[in-house]
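Have a look at the structure below, then the notes.
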Amino acid sequence: MTKTAVGAIELSSIGIGYRVQDEMLKSAAVDLLIARTICSGKYLIVVGGNIDAVEAAMQTALAIGDDAVIDHLTVANAHEAVFPAMAQSVVLMPEEIGALGIIETFSGVSALIAADYAGKAARVTLFRLHLAMALGGKGLLLMTGSVSDVTAAVQVAANAVRERGLLVSEVVIPRPSTELFQDYI
């Protein structure tokens, strides 16, 4: 299935998370991209697919999740770089390394919206989208490109997360040491 839309929900209850996940998958033809427990006893679910299916799955999730919903979003036309960055399947060539942009968020869901905004704002390579696991429930987005593109992408992404009240930090490193990219090249 071609994934053009993405939906994500973060819940305060693991048990309710399992129930929400089950009902989301039964309610619509979506691909399960991530479903797991995350730090401090929460549950994260990310689905992809066509917009109608993702919206239907998210409506189901919100109805069942009710008071356990911490954060959620639906992105109708997600930037194509979001999916490989989320799958942590991006490999950088040494010549692709430029400035390093970092967005750190208080929730995994908000890092996903940061990635979509950053990818659409400038010519950057999104190479890591880390959603909550082993981060104390936080989200982390890493990108590279020219200093001007990374700066623009970080500003736009940070503003989107700031509007949600979930921004921890926004960082641009113009000339990073190559060791910062060691896991990606």
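Naming scheme: A, B, ... for chains in displayed order of the structure tokens; residues 1 onward per chain; ligands 1 onward as shown.
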
I'd like the neighbourhood of segment 166-183 of chain A as JSON, numbers by chain, where a residue qualifies if any of its atoms comes within 10 Å (using only C-alpha atoms), though same-chain residues fewer than 5 positions away should be ignored. {"A": [71, 91, 92, 93, 94, 97, 98, 99, 100, 101, 102, 103, 104, 105, 106, 107, 108, 109, 110, 111, 114, 127, 138, 139, 140, 141, 142, 143, 144, 145, 146, 147, 148, 150, 151, 152, 153, 154, 155, 157, 158, 159, 160, 161]}

Can you check which residues of chain A DSSP gives as alpha helix (DSSP H) on the backbone and send them as an MDAnalysis selection string? chainID A and resid 14:27 51:65 82:86 108:121 147:163

Preceding selection exported with C-alpha atoms as a JSON list (two decimals), in the first residue's frame:
```json
[["chain", "number", "residue", "atom", "x", "y", "z"],
["A", 14, "ILE", "CA", -0.83, 0.46, 27.73],
["A", 15, "GLY", "CA", -3.96, -1.66, 28.05],
["A", 16, "ILE", "CA", -6.11, 0.94, 26.34],
["A", 17, "GLY", "CA", -3.32, 1.30, 23.75],
["A", 18, "TYR", "CA", -3.64, -2.36, 22.79],
["A", 19, "ARG", "CA", -7.42, -2.01, 22.51],
["A", 20, "VAL", "CA", -7.11, 1.16, 20.42],
["A", 21, "GLN", "CA", -4.56, -0.48, 18.11],
["A", 22, "ASP", "CA", -6.81, -3.50, 17.58],
["A", 23, "GLU", "CA", -9.84, -1.37, 16.76],
["A", 24, "MET", "CA", -7.85, 0.96, 14.46],
["A", 25, "LEU", "CA", -6.68, -2.02, 12.39],
["A", 26, "LYS", "CA", -10.18, -3.48, 12.25],
["A", 27, "SER", "CA", -11.79, -0.17, 11.27],
["A", 51, "ILE", "CA", -6.01, 9.64, 3.80],
["A", 52, "ASP", "CA", -9.53, 8.23, 4.09],
["A", 53, "ALA", "CA", -8.29, 5.07, 5.80],
["A", 54, "VAL", "CA", -5.96, 6.94, 8.14],
["A", 55, "GLU", "CA", -8.69, 9.41, 9.10],
["A", 56, "ALA", "CA", -11.11, 6.55, 9.79],
["A", 57, "ALA", "CA", -8.54, 4.75, 11.94],
["A", 58, "MET", "CA", -7.77, 7.93, 13.86],
["A", 59, "GLN", "CA", -11.46, 8.68, 14.49],
["A", 60, "THR", "CA", -11.78, 5.20, 15.93],
["A", 61, "ALA", "CA", -8.65, 5.70, 18.05],
["A", 62, "LEU", "CA", -9.87, 8.98, 19.48],
["A", 63, "ALA", "CA", -13.31, 7.57, 20.31],
["A", 64, "ILE", "CA", -11.90, 4.52, 22.08],
["A", 65, "GLY", "CA", -8.88, 6.25, 23.63],
["A", 82, "VAL", "CA", 9.15, 11.01, 6.85],
["A", 83, "PHE", "CA", 8.65, 7.27, 6.28],
["A", 84, "PRO", "CA", 12.32, 6.20, 5.77],
["A", 85, "ALA", "CA", 13.45, 8.52, 8.58],
["A", 86, "MET", "CA", 10.87, 6.95, 10.90],
["A", 108, "GLY", "CA", 6.82, 11.20, 19.88],
["A", 109, "VAL", "CA", 3.74, 12.42, 18.04],
["A", 110, "SER", "CA", 4.99, 16.00, 17.94],
["A", 111, "ALA", "CA", 8.32, 14.88, 16.44],
["A", 112, "LEU", "CA", 6.34, 13.40, 13.55],
["A", 113, "ILE", "CA", 4.71, 16.74, 12.75],
["A", 114, "ALA", "CA", 8.14, 18.39, 13.02],
["A", 115, "ALA", "CA", 9.50, 15.99, 10.41],
["A", 116, "ASP", "CA", 6.66, 16.69, 7.99],
["A", 117, "TYR", "CA", 7.05, 20.47, 8.34],
["A", 118, "ALA", "CA", 10.86, 20.32, 8.05],
["A", 119, "GLY", "CA", 10.75, 18.15, 4.94],
["A", 120, "LYS", "CA", 8.29, 20.50, 3.25],
["A", 121, "ALA", "CA", 10.04, 23.72, 4.33],
["A", 147, "VAL", "CA", 23.15, 25.84, 6.65],
["A", 148, "SER", "CA", 20.40, 28.02, 5.19],
["A", 149, "ASP", "CA", 18.11, 25.08, 4.40],
["A", 150, "VAL", "CA", 18.65, 23.42, 7.78],
["A", 151, "THR", "CA", 18.07, 26.72, 9.57],
["A", 152, "ALA", "CA", 14.82, 27.30, 7.66],
["A", 153, "ALA", "CA", 13.60, 23.73, 8.23],
["A", 154, "VAL", "CA", 14.43, 23.82, 11.95],
["A", 155, "GLN", "CA", 12.63, 27.15, 12.40],
["A", 156, "VAL", "CA", 9.47, 25.96, 10.65],
["A", 157, "ALA", "CA", 9.45, 22.60, 12.44],
["A", 158, "ALA", "CA", 10.15, 24.18, 15.83],
["A", 159, "ASN", "CA", 7.31, 26.65, 15.36],
["A", 160, "ALA", "CA", 4.88, 23.83, 14.54],
["A", 161, "VAL", "CA", 5.87, 21.97, 17.71],
["A", 162, "ARG", "CA", 5.98, 25.16, 19.80],
["A", 163, "GLU", "CA", 2.34, 25.84, 18.82]]
```

Pick from A:Ala29, A:Leu44, A:Cys39, A:Ile9 nearest to Ala134 of chain A, counting only C-alpha atoms: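 Closest to Ala134 of chain A, using only C-alpha atoms: A:Cys39.
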
Going by DSSP on the backbone, which residues of segment 10-172 of chain A come out as strand (DSSP E or B)? List them as a compact mmCIF listing (two decimals) with C-alpha atoms, in the first residue's frame.
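See part_30.txt below for the written result:
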```
# COMPACT_ATOMS: atom_id res chain seq x y z
CA GLU A 10 0.00 8.52 22.15
CA LEU A 11 -1.94 7.09 25.08
CA ASP A 31 -0.46 -0.20 7.62
CA LEU A 32 0.76 -0.45 11.18
CA LEU A 33 4.07 1.44 11.18
CA ILE A 34 4.76 1.55 14.92
CA ALA A 35 2.95 0.11 17.92
CA ARG A 36 4.81 -0.16 21.19
CA THR A 37 5.08 0.76 24.80
CA ILE A 38 7.13 3.88 25.39
CA LYS A 42 2.61 5.03 27.67
CA TYR A 43 1.64 3.46 24.33
CA LEU A 44 2.36 4.84 20.85
CA ILE A 45 0.60 3.85 17.62
CA VAL A 46 1.51 5.13 14.13
CA VAL A 47 -0.38 4.07 11.01
CA GLY A 48 0.03 4.93 7.34
CA GLY A 49 -2.10 4.60 4.23
CA VAL A 69 -5.22 10.29 24.70
CA ILE A 70 -2.12 12.39 25.40
CA ASP A 71 -1.35 13.61 21.88
CA HIS A 72 -2.47 12.75 18.35
CA LEU A 73 -2.26 13.95 14.77
CA THR A 74 -3.16 13.12 11.22
CA VAL A 75 -1.03 14.33 8.31
CA ALA A 99 24.79 21.34 8.72
CA LEU A 100 23.04 19.31 11.42
CA GLY A 101 19.53 20.27 12.49
CA ILE A 102 17.92 18.86 15.62
CA ILE A 103 14.38 19.14 16.94
CA GLU A 104 13.65 17.63 20.35
CA THR A 105 10.04 17.32 21.49
CA THR A 125 17.64 15.20 4.27
CA LEU A 126 15.67 13.82 7.18
CA PHE A 127 17.79 10.94 8.39
CA ARG A 128 16.47 10.12 11.85
CA LEU A 129 13.00 10.36 13.31
CA HIS A 130 13.06 8.78 16.74
CA LEU A 131 9.64 8.46 18.33
CA GLY A 139 10.75 12.68 20.12
CA LEU A 140 13.90 13.50 18.17
CA LEU A 141 14.36 14.62 14.57
CA LEU A 142 17.76 14.87 12.86
CA MET A 143 18.33 16.44 9.44
CA THR A 144 21.19 17.66 7.29
CA GLY A 145 21.66 20.03 4.37
CA LEU A 167 9.13 21.91 22.03
CA VAL A 168 12.17 20.95 24.13
CA SER A 169 14.95 22.27 21.88
CA GLU A 170 15.85 23.40 18.39
CA VAL A 171 19.51 23.25 17.38
CA VAL A 172 21.48 24.03 14.22
```
